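Visitor: This is the content of model-v8.txt (compact mmCIF, C-alpha atoms and all ligand atoms):
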```txt
# COMPACT_ATOMS: atom_id res chain seq x y z
CA MET O 1 193.35 -195.57 116.91
CA ARG O 2 196.09 -193.27 118.07
CA TYR O 3 197.30 -189.76 117.43
CA LEU O 4 200.25 -187.58 118.18
CA THR O 5 200.31 -183.80 118.25
CA ALA O 6 203.19 -181.41 117.64
CA GLY O 7 203.56 -177.65 117.72
CA GLU O 8 204.43 -174.72 119.97
CA SER O 9 201.91 -172.04 120.88
CA HIS O 10 203.74 -169.34 118.90
CA GLY O 11 205.48 -171.60 116.41
CA PRO O 12 204.48 -171.76 112.73
CA GLN O 13 201.80 -174.44 113.03
CA LEU O 14 200.15 -177.23 114.99
CA THR O 15 200.16 -180.70 113.53
CA THR O 16 198.49 -184.00 114.31
CA ILE O 17 198.72 -187.43 112.70
CA LEU O 18 195.79 -189.80 113.23
CA GLU O 19 196.07 -193.49 112.66
CA GLY O 20 193.55 -196.32 112.55
CA LEU O 21 190.42 -194.77 111.08
CA PRO O 22 188.43 -196.99 108.75
CA ALA O 23 188.81 -196.40 105.01
CA GLY O 24 185.87 -195.04 103.04
CA MET O 25 184.52 -192.71 105.72
CA PRO O 26 183.32 -189.35 104.42
CA LEU O 27 185.45 -186.51 105.80
CA GLU O 28 185.86 -182.88 104.77
CA ALA O 29 187.75 -179.90 106.19
CA THR O 30 184.42 -178.26 107.11
CA ASP O 31 183.71 -181.14 109.55
CA ILE O 32 186.87 -180.12 111.41
CA ASN O 33 186.65 -176.35 110.96
CA GLN O 34 183.29 -176.11 112.65
CA GLU O 35 184.73 -177.75 115.79
CA LEU O 36 187.81 -175.50 115.70
CA ALA O 37 185.55 -172.44 115.54
CA ARG O 38 183.49 -173.67 118.52
CA ARG O 39 186.67 -174.03 120.60
CA GLN O 40 187.73 -170.46 119.83
CA LYS O 41 184.57 -168.92 121.27
CA GLY O 42 183.59 -168.32 124.87
CA TYR O 43 183.23 -165.36 127.18
CA GLY O 44 186.44 -164.73 129.12
CA ARG O 45 188.96 -165.44 126.37
CA GLY O 46 192.00 -163.18 125.94
CA ARG O 47 193.25 -161.30 122.87
CA ARG O 48 194.96 -164.26 121.23
CA MET O 49 191.65 -165.59 119.94
CA GLN O 50 191.15 -162.35 118.00
CA ILE O 51 194.43 -163.02 116.19
CA GLU O 52 193.73 -166.64 115.27
CA LYS O 53 191.12 -167.96 112.86
CA ASP O 54 191.78 -171.67 113.17
CA THR O 55 191.25 -173.65 109.99
CA VAL O 56 192.60 -177.06 109.06
CA GLN O 57 194.57 -178.28 106.10
CA ILE O 58 194.20 -182.02 105.47
CA THR O 59 197.53 -183.03 104.00
CA SER O 60 197.19 -186.80 103.84
CA GLY O 61 194.88 -189.76 104.36
CA VAL O 62 191.83 -188.27 102.64
CA ARG O 63 191.05 -188.24 98.92
CA HIS O 64 188.00 -186.73 97.24
CA GLY O 65 186.15 -186.50 100.56
CA TYR O 66 186.80 -190.03 101.85
CA THR O 67 189.38 -191.50 104.23
CA LEU O 68 191.93 -193.81 102.63
CA GLY O 69 192.89 -195.96 105.63
CA SER O 70 196.33 -194.33 105.65
CA PRO O 71 197.45 -191.89 108.36
CA ILE O 72 195.50 -188.62 108.33
CA ALA O 73 197.70 -185.55 108.78
CA LEU O 74 196.07 -182.31 109.90
CA ILE O 75 197.72 -178.89 110.07
CA VAL O 76 196.51 -175.66 111.67
CA GLN O 77 198.62 -172.55 111.05
CA ASN O 78 199.29 -170.12 113.91
CA ASP O 79 198.48 -166.65 112.58
CA ASP O 80 200.38 -165.17 115.56
CA TRP O 81 203.58 -166.77 114.24
CA LYS O 82 204.32 -163.71 112.12
CA HIS O 83 204.96 -161.78 115.37
CA TRP O 84 207.21 -164.52 116.75
CA THR O 85 209.36 -165.65 113.82
CA GLN O 86 212.59 -164.52 115.46
CA ILE O 87 211.72 -165.49 119.01
CA MET O 88 210.46 -168.95 118.01
CA GLY O 89 212.54 -169.63 114.88
CA ALA O 90 214.18 -173.03 114.46
CA GLU O 91 217.48 -171.62 113.16
CA PRO O 92 220.33 -170.84 115.61
CA LEU O 93 220.45 -167.20 116.72
CA GLU O 94 223.25 -164.98 115.50
CA GLN O 95 225.91 -164.18 118.06
CA GLY O 96 224.92 -161.30 120.29
CA ALA O 97 221.26 -161.45 119.26
CA GLU O 98 220.24 -163.70 122.16
CA GLU O 99 219.43 -161.01 124.71
CA GLU O 100 217.45 -159.03 122.20
CA VAL O 101 215.22 -161.68 120.65
CA LYS O 102 214.83 -164.49 123.13
CA ARG O 103 212.21 -163.08 125.55
CA LYS O 104 213.72 -165.40 128.11
CA ILE O 105 211.53 -166.42 131.04
CA THR O 106 213.21 -167.16 134.35
CA ARG O 107 210.27 -166.56 136.72
CA PRO O 108 208.01 -169.62 136.87
CA ARG O 109 204.24 -169.10 137.27
CA PRO O 110 202.82 -171.03 140.24
CA GLY O 111 200.42 -173.72 139.01
CA HIS O 112 201.85 -173.83 135.48
CA ALA O 113 204.24 -176.41 134.00
CA ASP O 114 207.08 -173.84 133.94
CA LEU O 115 209.29 -174.90 136.84
CA ASN O 116 208.81 -178.68 136.75
CA GLY O 117 209.22 -178.72 132.97
CA ALA O 118 212.40 -176.65 133.23
CA ILE O 119 213.83 -179.01 135.85
CA LYS O 120 212.84 -182.05 133.78
CA TYR O 121 214.55 -180.92 130.57
CA GLY O 122 217.19 -178.62 132.07
CA HIS O 123 215.81 -175.52 130.31
CA ARG O 124 217.18 -172.27 131.77
CA ASP O 125 214.66 -170.38 129.59
CA MET O 126 211.18 -171.46 130.60
CA ARG O 127 209.71 -170.25 127.31
CA ASN O 128 210.94 -173.67 126.11
CA VAL O 129 208.35 -175.20 128.45
CA LEU O 130 205.40 -172.84 128.25
CA GLU O 131 205.30 -172.82 124.46
CA ARG O 132 204.36 -176.48 124.49
CA SER O 133 202.45 -176.68 127.77
CA SER O 134 200.12 -173.91 126.51
CA ALA O 135 196.51 -174.89 125.89
CA ARG O 136 197.07 -173.82 122.29
CA GLU O 137 197.84 -177.52 121.76
CA THR O 138 194.18 -178.37 122.38
CA THR O 139 193.45 -176.93 118.91
CA VAL O 140 194.71 -180.07 117.22
CA ARG O 141 193.26 -182.35 119.87
CA VAL O 142 189.93 -180.84 118.86
CA ALA O 143 190.83 -181.42 115.20
CA ALA O 144 191.44 -185.10 116.00
CA GLY O 145 188.22 -185.22 118.02
CA ALA O 146 186.29 -183.68 115.14
CA VAL O 147 187.29 -186.63 112.95
CA ALA O 148 186.15 -188.98 115.71
CA LYS O 149 182.89 -187.05 116.06
CA LYS O 150 182.28 -187.48 112.34
CA LEU O 151 182.72 -191.25 112.71
CA LEU O 152 180.41 -191.33 115.73
CA SER O 153 177.68 -189.29 114.03
CA LEU O 154 177.70 -191.74 111.10
CA VAL O 155 177.09 -194.70 113.44
CA GLY O 156 174.35 -193.02 115.49
CA VAL O 157 176.36 -191.68 118.44
CA GLU O 158 175.62 -188.07 119.41
CA ILE O 159 177.80 -186.06 121.75
CA VAL O 160 177.27 -182.73 123.49
CA SER O 161 179.09 -180.66 126.10
CA HIS O 162 177.98 -177.86 128.37
CA VAL O 163 179.26 -175.79 131.25
CA VAL O 164 177.66 -176.61 134.59
CA GLU O 165 179.72 -174.40 136.90
CA ILE O 166 181.99 -171.34 136.69
CA GLY O 167 183.57 -169.60 139.65
CA GLY O 168 181.20 -171.27 142.15
CA ILE O 169 178.02 -170.46 140.18
CA THR O 170 176.18 -173.65 139.32
CA ALA O 171 173.68 -174.17 136.51
CA GLU O 172 170.29 -175.80 136.99
CA VAL O 173 169.82 -177.82 133.83
CA ASP O 174 166.94 -180.25 133.39
CA SER O 175 168.67 -183.61 132.89
CA SER O 176 165.72 -184.94 130.86
CA LEU O 177 166.23 -182.32 128.10
CA PRO O 178 166.58 -183.98 124.68
CA ILE O 179 170.20 -183.80 123.53
CA ASP O 180 169.35 -181.57 120.54
CA VAL O 181 167.63 -178.98 122.74
CA LEU O 182 170.55 -178.99 125.18
CA LYS O 183 172.92 -178.56 122.23
CA ASP O 184 171.00 -175.57 120.83
CA GLN O 185 170.74 -173.83 124.19
CA THR O 186 174.43 -174.37 124.91
CA GLU O 187 175.60 -173.13 121.50
CA ALA O 188 173.53 -169.95 121.94
CA SER O 189 175.15 -169.13 125.29
CA PRO O 190 178.39 -167.07 125.48
CA VAL O 191 179.53 -169.31 128.35
CA ARG O 192 178.09 -172.50 126.81
CA CYS O 193 175.66 -172.85 129.73
CA ALA O 194 172.05 -173.96 129.19
CA ASP O 195 170.73 -172.11 132.28
CA PRO O 196 170.37 -168.45 131.18
CA ASP O 197 170.20 -167.06 134.74
CA ALA O 198 173.34 -168.88 135.80
CA ALA O 199 175.03 -167.90 132.50
CA LYS O 200 174.49 -164.23 133.29
CA LYS O 201 175.99 -164.62 136.75
CA MET O 202 178.92 -166.59 135.31
CA MET O 203 179.68 -163.72 132.93
CA GLU O 204 179.56 -161.27 135.82
CA ALA O 205 181.95 -163.50 137.78
CA ILE O 206 184.31 -163.56 134.78
CA ASP O 207 184.19 -159.74 134.54
CA ILE O 208 185.03 -159.44 138.25
CA ALA O 209 187.90 -161.93 137.97
CA LYS O 210 189.24 -160.05 134.94
CA SER O 211 189.09 -156.65 136.59
CA ASN O 212 190.89 -158.13 139.61
CA GLY O 213 193.64 -159.52 137.38
CA ASP O 214 192.50 -162.96 138.47
CA SER O 215 191.13 -166.12 136.81
CA ILE O 216 188.32 -168.59 137.57
CA GLY O 217 187.68 -172.24 136.79
CA GLY O 218 184.62 -174.45 136.63
CA VAL O 219 183.01 -177.76 135.72
CA VAL O 220 182.06 -179.06 132.27
CA GLU O 221 179.81 -181.98 131.42
CA VAL O 222 179.94 -184.20 128.35
CA ILE O 223 176.99 -186.41 127.38
CA ALA O 224 177.11 -189.06 124.66
CA THR O 225 174.06 -191.01 123.52
CA GLY O 226 173.73 -194.02 121.25
CA MET O 227 176.78 -196.05 122.26
CA PRO O 228 175.98 -199.77 122.03
CA ALA O 229 176.11 -201.71 125.32
CA GLY O 230 179.21 -203.75 126.13
CA VAL O 231 181.88 -201.47 124.63
CA GLY O 232 185.05 -201.39 126.73
CA SER O 233 186.15 -204.24 128.98
CA TYR O 234 185.74 -205.74 132.42
CA VAL O 235 188.50 -208.18 131.59
CA HIS O 236 191.52 -205.91 131.16
CA TYR O 237 192.29 -202.85 133.29
CA ASP O 238 193.77 -200.98 130.35
CA ARG O 239 190.72 -201.53 128.15
CA LYS O 240 188.16 -200.18 130.63
CA LEU O 241 186.52 -197.41 128.63
CA ASP O 242 185.56 -195.24 131.62
CA ALA O 243 189.21 -195.29 132.71
CA LYS O 244 190.33 -194.16 129.24
CA ILE O 245 187.78 -191.35 129.25
CA ALA O 246 188.92 -190.29 132.74
CA ALA O 247 192.53 -190.12 131.52
CA ALA O 248 191.48 -188.14 128.45
CA ILE O 249 189.62 -185.56 130.57
CA VAL O 250 192.43 -185.13 133.10
CA SER O 251 194.92 -184.79 130.23
CA ILE O 252 193.26 -181.51 129.18
CA ASN O 253 195.32 -178.53 130.34
CA ALA O 254 194.26 -177.34 133.83
CA PHE O 255 191.83 -180.24 134.48
CA LYS O 256 192.13 -181.69 137.96
CA GLY O 257 189.33 -184.20 138.37
CA VAL O 258 186.65 -186.28 136.70
CA GLU O 259 183.41 -188.02 137.68
CA PHE O 260 180.76 -190.15 135.97
CA GLY O 261 177.02 -189.90 136.66
CA ILE O 262 176.43 -188.91 140.29
CA GLY O 263 180.20 -189.24 140.76
CA PHE O 264 181.56 -188.34 144.19
CA ASP O 265 178.01 -188.18 145.60
CA ALA O 266 177.97 -191.98 145.41
CA ALA O 267 180.17 -192.01 148.50
CA LYS O 268 177.35 -190.47 150.54
CA LYS O 269 174.52 -192.78 149.45
CA PRO O 270 173.54 -196.42 150.08
CA GLY O 271 173.84 -198.86 147.18
CA SER O 272 170.07 -198.89 146.68
CA GLU O 273 170.27 -195.19 145.76
CA VAL O 274 173.30 -195.51 143.53
CA HIS O 275 172.77 -198.49 141.23
CA ASP O 276 170.39 -198.33 138.31
CA GLU O 277 167.57 -200.89 138.09
CA ILE O 278 167.48 -202.97 134.91
CA THR O 279 164.37 -203.05 132.69
CA TRP O 280 163.51 -204.75 129.40
CA ASN O 281 160.93 -204.23 126.66
CA SER O 282 160.67 -205.78 123.22
CA GLU O 283 161.25 -202.51 121.35
CA GLN O 284 164.33 -201.19 123.15
CA GLY O 285 165.63 -204.34 124.82
CA TYR O 286 167.49 -203.69 128.09
CA SER O 287 167.56 -200.31 129.72
CA ARG O 288 168.09 -198.73 133.17
CA ARG O 289 165.37 -196.97 135.18
CA THR O 290 167.89 -194.28 136.19
CA ASN O 291 171.39 -193.38 134.97
CA ARG O 292 173.22 -192.60 138.18
CA LEU O 293 176.30 -194.52 137.05
CA GLY O 294 176.63 -192.30 133.98
CA GLY O 295 176.51 -195.02 131.33
CA PHE O 296 179.19 -197.36 132.71
CA GLU O 297 179.17 -200.61 134.67
CA GLY O 298 182.30 -202.75 134.92
CA GLY O 299 184.37 -200.58 132.57
CA MET O 300 181.83 -201.12 129.76
CA THR O 301 179.02 -199.05 128.31
CA THR O 302 175.50 -199.90 129.49
CA GLY O 303 173.83 -198.36 126.43
CA MET O 304 172.54 -195.49 128.60
CA PRO O 305 173.88 -191.98 127.93
CA ILE O 306 177.48 -191.52 128.99
CA VAL O 307 177.62 -188.62 131.45
CA VAL O 308 181.09 -187.42 132.44
CA ARG O 309 182.15 -184.23 134.18
CA GLY O 310 185.58 -182.63 134.49
CA VAL O 311 186.77 -179.88 136.80
CA MET O 312 189.08 -177.17 135.47
CA LYS O 313 191.16 -175.14 137.87
CA PRO O 314 191.50 -171.38 137.29
CA ILE O 315 194.16 -170.67 134.66
CA PRO O 316 197.48 -170.14 136.49
CA THR O 317 198.62 -167.20 134.34
CA LEU O 318 197.49 -164.21 136.38
CA TYR O 319 197.73 -160.50 135.61
CA LYS O 320 197.98 -160.10 139.39
CA PRO O 321 200.85 -162.54 139.73
CA LEU O 322 201.57 -164.75 142.72
CA LYS O 323 204.97 -164.87 144.37
CA SER O 324 207.62 -167.05 142.83
CA VAL O 325 211.39 -167.41 142.68
CA ASP O 326 213.65 -166.28 139.83
CA ILE O 327 215.65 -169.36 138.81
CA GLU O 328 218.71 -167.25 137.92
CA THR O 329 218.99 -165.11 141.06
CA LYS O 330 216.95 -167.32 143.44
CA GLU O 331 215.37 -164.05 144.63
CA PRO O 332 211.62 -163.93 145.32
CA PHE O 333 209.72 -162.15 142.55
CA SER O 334 206.22 -161.77 141.25
CA ALA O 335 205.81 -164.45 138.58
CA SER O 336 206.14 -163.30 134.97
CA ILE O 337 202.97 -161.96 133.35
CA GLU O 338 201.95 -163.58 130.10
CA ARG O 339 198.90 -162.75 128.00
CA SER O 340 196.10 -165.08 129.08
CA ASP O 341 192.38 -165.84 129.35
CA SER O 342 190.56 -164.98 132.59
CA CYS O 343 188.29 -168.01 132.05
CA ALA O 344 188.60 -170.72 129.42
CA VAL O 345 185.97 -173.11 130.83
CA PRO O 346 183.54 -172.64 127.87
CA ALA O 347 186.31 -173.44 125.36
CA ALA O 348 187.49 -176.33 127.55
CA SER O 349 184.02 -177.88 127.37
CA VAL O 350 184.46 -178.15 123.59
CA VAL O 351 187.89 -179.73 124.15
CA ALA O 352 186.37 -182.18 126.65
CA GLU O 353 183.65 -183.13 124.16
CA ASN O 354 186.24 -183.81 121.49
CA VAL O 355 188.66 -185.83 123.61
CA VAL O 356 185.76 -187.99 124.83
CA ALA O 357 184.65 -188.41 121.20
CA TRP O 358 188.13 -189.69 120.37
CA GLU O 359 187.99 -192.32 123.15
CA LEU O 360 184.51 -193.49 122.11
CA ALA O 361 185.46 -193.76 118.44
CA SER O 362 188.70 -195.53 119.38
CA ALA O 363 186.83 -198.05 121.51
CA LEU O 364 184.43 -198.83 118.66
CA VAL O 365 187.28 -199.20 116.17
CA GLU O 366 189.09 -201.51 118.61
CA GLN O 367 186.06 -203.68 119.27
CA PHE O 368 184.56 -204.00 115.79
CA TYR O 369 185.94 -204.78 112.36
CA SER O 370 187.28 -201.46 111.16
CA ASP O 371 189.20 -201.63 107.89
CA ARG O 372 186.19 -200.65 105.73
CA PHE O 373 183.83 -198.01 107.07
CA GLN O 374 180.66 -199.50 105.56
CA THR O 375 181.26 -202.92 107.15
CA PHE O 376 182.20 -201.25 110.43
CA ALA O 377 178.90 -199.32 110.53
CA GLU O 378 176.93 -202.49 109.65
CA GLU O 379 178.66 -204.44 112.43
CA ILE O 380 177.75 -201.82 115.01
CA GLU O 381 174.13 -201.95 113.89
CA ARG O 382 174.19 -205.76 114.11
CA GLU O 383 175.60 -205.47 117.62
CA ARG O 384 172.74 -203.18 118.67
CA GLN O 385 170.27 -205.73 117.30
CA PHE O 386 172.08 -208.53 119.15
CA ALA O 387 171.89 -206.64 122.46
CA ARG O 388 168.17 -205.90 121.90
CA ASP O 389 167.38 -209.56 121.31
CA PHE O 390 169.72 -210.99 123.93
C1 LIG N 1 197.61 -169.89 126.89
C2 LIG N 1 197.86 -168.52 126.77
C3 LIG N 1 197.19 -167.70 125.75
C4 LIG N 1 195.89 -168.36 125.34
C5 LIG N 1 196.24 -169.77 124.91
C6 LIG N 1 196.61 -170.59 126.09
O1 LIG N 1 197.95 -167.65 124.57
P1 LIG N 1 198.93 -166.44 124.25
O2 LIG N 1 200.08 -166.65 125.18
O3 LIG N 1 199.34 -166.57 122.82
O4 LIG N 1 198.16 -165.19 124.51
O5 LIG N 1 195.27 -167.65 124.32
O6 LIG N 1 195.18 -170.36 124.25
C7 LIG N 1 195.30 -170.49 122.91
C8 LIG N 1 196.25 -169.92 122.20
C9 LIG N 1 194.27 -171.31 122.31
O7 LIG N 1 194.29 -171.52 121.09
O8 LIG N 1 193.40 -171.76 123.07
C10 LIG N 1 198.37 -170.73 127.83
O9 LIG N 1 199.36 -170.24 128.38
O10 LIG N 1 198.01 -171.89 128.05
```
Could you render the structure from this file as structure tokens?
Ligand code: EPS
Guide:
Amino acid sequence: MRYLTAGESHGPQLTTILEGLPAGMPLEATDINQELARRQKGYGRGRRMQIEKDTVQITSGVRHGYTLGSPIALIVQNDDWKHWTQIMGAEPLEQGAEEEVKRKITRPRPGHADLNGAIKYGHRDMRNVLERSSARETTVRVAAGAVAKKLLSLVGVEIVSHVVEIGGITAEVDSSLPIDVLKDQTEASPVRCADPDAAKKMMEAIDIAKSNGDSIGGVVEVIATGMPAGVGSYVHYDRKLDAKIAAAIVSINAFKGVEFGIGFDAAKKPGSEVHDEITWNSEQGYSRRTNRLGGFEGGMTTGMPIVVRGVMKPIPTLYKPLKSVDIETKEPFSASIERSDSCAVPAASVVAENVVAWELASALVEQFYSDRFQTFAEEIERERQFARDF
């Protein structure tokens, strides 16, 4: 499976084309819209989310509620576009209008893509960079992930995300909570955190950051249950599923790191306290006594829950701007101020969940027969049986 996204933050629309999904899979706009709505929520978001009400239009690849096997095209309109039609229009500007309409940006924000993107493409107006590097693009990555989540739910794979840290405040969440309970608690929290005490402190930290004109980051965790064992590869570096998930997480705007299971703590412990002992019983087949490796051994799923965390840096667009250099005058300046969120970690957890969903669905489609959805689902069930009896 693969997908491509297109669209600028204040352009007319965001678009994605998905390829490789099995034919005959039930899919409706509501499956996607509910994920888009989840991504728009979260304490600490700026005013843009009050303008947008993200909903999808499915313009190809689905007929009467089922996938056709042909590319699926998804469109989300930007409601803010009506304020930007001149600034972001595709037509050439009339002579003399440039100064007036362009809202040219020549002061790069430290930590953003502005300067490096401008150097790369030779843009003297860094709006040409920030319009695309904006996290607005994650809208259609979530739309793609929502389709993947639908596929996963139909073959018994559940996926959930939650916030485990914001601005240095860490959540205490019982790791043995059933996934449904964790899901309900997370959805009820304004910061998508299942520890109510920590959630309150996180909101206070966001308020402080906002009143200081600053921003804060955090850590999100994605858990997926029900993946059959042996998905991925130990044979080929580029088919290792944990590596693909790591790339997907770090590809989310502002994400700087990723870990599985106990992650970086593994460096501090002896092997006997890192690896998970193998058990077997006739009902479940093979299992692990613990899940410190987060569901992966040798680039393949173990059948245990996949547990992956990503760290998001504070958003680099600050109301209290850092020092930068104007690319026209080369004079030091405070970086340009753009409307922004003081914390987007809760929304980013939904993005993380959806990009992981895409990688899991892709890996299943790659490994099992996938032209017809029904046969695909049956093959996955047969595989689970095979692993149980092995
Ligand atoms: C973003 C800046 C803000 C955020 C945006 C990401 O947008 P604007 O410049 O229009 O105020 O709201 O996030 C989204 C639009 C979104 O859908 O998540 C940035 O610079 O990355």
Visitor: Work out where the centre of an axis-aligned box around every listed atom of ligand LIG 1 (chain N) lies and how long its edges are once 3 Å is added on each side; give both in Å to one decimal as JSON.
Guide:
```
{"center_x": 196.7, "center_y": -168.5, "center_z": 124.7, "size_x": 12.7, "size_y": 12.7, "size_z": 13.3}
```
Visitor: How would you report the residues lying within 8 Å of ligand LIG 1 (chain N), as a list in words, if you count all atoms listed in the file?
Guide: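 Checking all atoms listed in the file against ligand LIG 1 (chain N) at 8 Å gives Ser9, His10, Arg39, Gln40, Arg45, Gly46, Arg47, Arg48, Met49, Glu52, Asp80, Leu130, Glu131, Ser133, Ser134, Ala135, Arg136, Glu137, Thr138, Thr139, Asn253, Ile315, Thr317, Glu338, Arg339, Ser340, Asp341 and Ala347 of chain O.
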Visitor: For atom CA of Asp31 of chain O and atom CA of Leu4 of chain O, determine how far apart the two atoms are, in Å to one decimal place.
Guide: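 Separation of atom CA of Asp31 of chain O and atom CA of Leu4 of chain O: 19.7 Å.
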Visitor: What's the 6 Å shell around Ala229 of chain O, counting only C-alpha atoms, without same-chain residues fewer than 2 positions away, as a list in words?
Guide: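 Once the nearby chain positions are removed, what remains is Val231, Thr301, Thr302 and Gly303 of chain O.
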Visitor: Do a neighbour search on Thr290 of chain O at 12 Å with all atoms listed in the file, toss out local chain neighbours closer than 3 positions, and write the hits as a list in words.
Guide: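 Selected residues are Ser175, Ser176, Gly261, Ile262, Ser272, Glu273, Val274, His275, Asp276, Glu277, Ile278, Thr279, Ser287, Leu293, Gly294, Gly295, Thr302, Met304 and Pro305 of chain O.
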Visitor: Of the candidates O:Asp184, O:Glu204, O:Glu28, O:Glu221, which one gets nearest to Gly167 of chain O if we count all atoms listed in the file?
Guide: O:Glu204
Visitor: Report the distance between atom CA of Ser370 of chain O and atom CA of Val351 of chain O in Å, rounded to one decimal place.
Guide: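 Spanning atom CA of Ser370 of chain O to atom CA of Val351 of chain O is a straight-line distance of 25.3 Å.
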Visitor: Using all atoms listed in the file, find the one residue out of O:Glu378, O:Ala344, O:Trp358, O:Ser349 that sits nearest to Val163 of chain O.
Guide: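 Smallest separation from Val163 of chain O among the options: O:Ser349.
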Visitor: Measuring atom to atom with only C-alpha atoms, identify which of O:Arg289, O:Glu359, O:Pro314, O:Leu322 is nearest to Arg239 of chain O.
Guide: O:Glu359
Visitor: What is the distance between atom CA of Val220 of chain O and atom CA of Val157 of chain O, in Å to one decimal?
Guide: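 For atom CA of Val220 of chain O relative to atom CA of Val157 of chain O, the distance reads 19.6 Å.
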Visitor: Restricting the calculation to all atoms listed in the file, which member of O:Thr59, O:Asn354, O:Gln385, O:Ser161 is positioned closest to Leu36 of chain O?
Guide: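 The closest residue to Leu36 of chain O is O:Asn354.
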Visitor: Could you check which of O:Val129, O:Val173, O:His112, O:Gly24 is closest to Gln185 of chain O, using all atoms listed in the file?
Guide: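 The shortest atom-to-atom distance to Gln185 of chain O comes from O:Val173.
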Visitor: Identify the residues within 7 Å of coordinate (184.3, -171.7, 133.6) (same frame as the file), considering only C-alpha atoms, and give the answer as a list in words.
Guide: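 Neighbouring residues, ordered by chain and number, come to Val163, Glu165, Ile166, Gly167, Ile216, Gly217, Gly218, Val219, Cys343, Ala344, Val345 and Pro346 of chain O.
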Visitor: Would you please work out which residue, of O:Ala29, O:Met88, O:Ala97, O:Ala144, is nearest to Thr15 of chain O when using all atoms listed in the file?
Guide: O:Ala144
Visitor: Counting only C-alpha atoms, which residues have an atom no more than 10 Å from (184.2, -197.6, 118.1) in the file's coordinates? Please list them as a list in words.
Guide: Met1, Leu21, Ala148, Leu151, Leu152, Val155, Val157, Met227, Pro228, Val231, Gly232, Ala357, Trp358, Glu359, Leu360, Ala361, Ser362, Ala363, Leu364, Val365, Glu366, Gln367, Phe368, Tyr369, Ser370, Phe376, Ala377 and Ile380 of chain O
